[in-house]
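Structure record follows, encoded as structure tokens.
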Amino acid sequence: MADLYTVNKSPFEKNSLEQAIRFSADGASILLIEDGVYGAMAGTAAEGLVKGASGRKFFALRSDVKARGISEDRLIDGVELVDYAGFVDLVESTDKVQAWL
Amino acid sequence: MSEIKKFMYLNRRAPYGTIYAWESLEVVLIGAAFDQEVSLMFVDDGVFQLVKGSDTSESDMKNFLPTYRTLGDYGVRHMFVDQASLEARGLTTDDLIQVEWEDWETEEEVDNIVEAVDADKFKELMAESDVVFSF
């Protein structure tokens with residue numbers, strides 16, 4: 001089983017998402033929360049990070065996406081929205097959780 | 001009477017993830033009690049503060065977009081947005097809220113004080129400001 005990485009910083013301000021992708025193993029799940037959800041937006045200067053990361057599954061926390069006014073049709077294809085229960089399911093179904101701050 | 005000064009609030013952080021955006025808003029509202037010329041600038045992730053459609057119902061956080069919409073009533077005359085920061089985030093001014101302004105004495109009205117500007121305009125605005133507050 002693979003790990004779950006959480007990223008809570010904007011990709012425009014910090015390189016947390018870039019490094020989480022870089023140091024994650026094939027098959028890892030990466031959950032974008034708080035300001036990290038900006039990394040899930042399509043059409044931005046940072047979209048290449050998620051689009052270019054093959055072999056990783058990307059998730060974004062729905063409540064944080066909605067709070068920031070990002071509509072679902074603006075998310076990068078393949079990013080799956082999860083609610084708090086989905087967050088718990090991800091934690092449960094992976095080996096361990098590592099936060100990229 | 002003291003001279004009216006030009007106050008500039010420089011906002012560079014995304015909303016909600018940190019306290020910066022909210023703190024800036026609080027200071028702007030408090031500052032409105034003083035007779036100053038107030039402008040706000042939004043640069044880098046600060047432009048996200050004005051993105052419309054925010055829904056915090058599932059987040060248990062206060063949605064402060066409605067507060068931004070009232071800033072025209074608190075003496076804020078201009079809200080400048082860095083065009084390059086918008087473009088880097090795939091945004092246009094159509095994605096942003098509009099903020100009305102009205103002078104109650106002269107009845108002068110402006111439909112929307114949110115305006116995208118380039119770096120040259122920014123430099124002028126910074127140079128003209130007497131005080132710049134950074135958030």
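Letters for chains follow the order of the structure tokens (A, B, ...), residue numbers begin at 1 for each chain, and ligand numbers begin at 1 in the order shown.
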### Query
Could you list, as a PyMOL selection string, every residue of chain B that has an atom within 6 Å of an atom of chain A, counting only C-alpha atoms?
chain B and resi 17+52-56+58-59+88-90
### Message
as a list in words, please: every residue in range 50-105 of chain B that a backbone DSSP assignment puts in strand (DSSP E or B).
### Response
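Of range 50-105 of chain B, only Val51, Val76, Arg77, His78, Met79, Phe80, Val81, Asp82, Leu96, Trp101 and Glu102 of chain B fall in strand (DSSP E or B).
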Please dump the current selection as an mmCIF file, in the first residue's frame; keep C-alpha atoms.
```cif
data_model
loop_
_atom_site.group_PDB
_atom_site.id
_atom_site.type_symbol
_atom_site.label_atom_id
_atom_site.label_comp_id
_atom_site.auth_asym_id
_atom_site.auth_seq_id
_atom_site.Cartn_x
_atom_site.Cartn_y
_atom_site.Cartn_z
ATOM 1 C CA VAL B 51 -12.782 35.655 -6.335
ATOM 2 C CA VAL B 76 -12.214 52.751 0.167
ATOM 3 C CA ARG B 77 -11.941 54.533 -3.167
ATOM 4 C CA HIS B 78 -9.866 52.091 -5.237
ATOM 5 C CA MET B 79 -9.216 48.343 -5.277
ATOM 6 C CA PHE B 80 -6.376 47.623 -7.688
ATOM 7 C CA VAL B 81 -5.602 44.104 -8.864
ATOM 8 C CA ASP B 82 -2.311 43.082 -10.449
ATOM 9 C CA LEU B 96 -13.890 38.842 -9.249
ATOM 10 C CA TRP B 101 -18.723 53.307 -4.363
ATOM 11 C CA GLU B 102 -20.825 56.382 -3.716
#
```
### Query
Hey, what's within 9 Å of range 52-56 of chain A if we count only C-alpha atoms and toss same-chain stuff fewer than 3 positions away? As a PyMOL selection string, please?
chain A and resi 21-22+24-30+47-49
### Task
Check the DSSP output for the backbone and give back, as an MDAnalysis selection string, the residues of chain B in alpha helix (DSSP H).
chainID B and resid 20:31 65:69 83:88 119:128
Prev. selection, C-alpha atoms, output as a short mmCIF file (atom, residue, chain, number, x, y, z; two decimals), in the first residue's frame:
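This is the output file result.cif:
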```cif
data_model
loop_
_atom_site.label_atom_id
_atom_site.label_comp_id
_atom_site.auth_asym_id
_atom_site.auth_seq_id
_atom_site.Cartn_x
_atom_site.Cartn_y
_atom_site.Cartn_z
CA TYR B 20 -3.58 37.82 6.88
CA ALA B 21 -6.55 38.59 4.60
CA TRP B 22 -8.95 38.88 7.50
CA GLU B 23 -6.55 41.01 9.55
CA SER B 24 -6.11 43.37 6.62
CA LEU B 25 -9.85 43.72 6.24
CA GLU B 26 -10.21 44.48 9.96
CA VAL B 27 -7.56 47.19 9.81
CA VAL B 28 -9.18 48.73 6.72
CA LEU B 29 -12.54 48.83 8.51
CA ILE B 30 -11.01 50.36 11.64
CA GLY B 31 -9.02 52.83 9.55
CA LEU B 65 -16.77 38.33 0.57
CA PRO B 66 -19.88 40.28 1.70
CA THR B 67 -17.58 42.46 3.83
CA TYR B 68 -15.35 43.22 0.83
CA ARG B 69 -18.46 44.27 -1.10
CA GLN B 83 -3.06 41.89 -13.98
CA ALA B 84 -0.04 39.55 -14.12
CA SER B 85 -1.09 37.87 -10.85
CA LEU B 86 -4.57 37.29 -12.28
CA GLU B 87 -3.17 35.79 -15.48
CA ALA B 88 -0.82 33.43 -13.64
CA ALA B 119 3.14 46.85 -13.01
CA ASP B 120 3.88 50.37 -14.27
CA LYS B 121 0.63 51.64 -12.78
CA PHE B 122 1.47 49.79 -9.56
CA LYS B 123 4.79 51.57 -9.30
CA GLU B 124 3.07 54.93 -9.65
CA LEU B 125 0.52 54.03 -7.00
CA MET B 126 3.17 52.87 -4.56
CA ALA B 127 5.20 56.01 -5.13
CA GLU B 128 2.15 58.24 -4.56
#
```
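Atom pair CA of Asn15 in chain A / CA of Met41 in chain B has a distance of 24.5 Å (rounded to one decimal).
Taking only C-alpha atoms into account, Phe58 in chain A lies nearest to A:Glu80 out of the set A:Val88, A:Val37, A:Glu80, A:Glu72.
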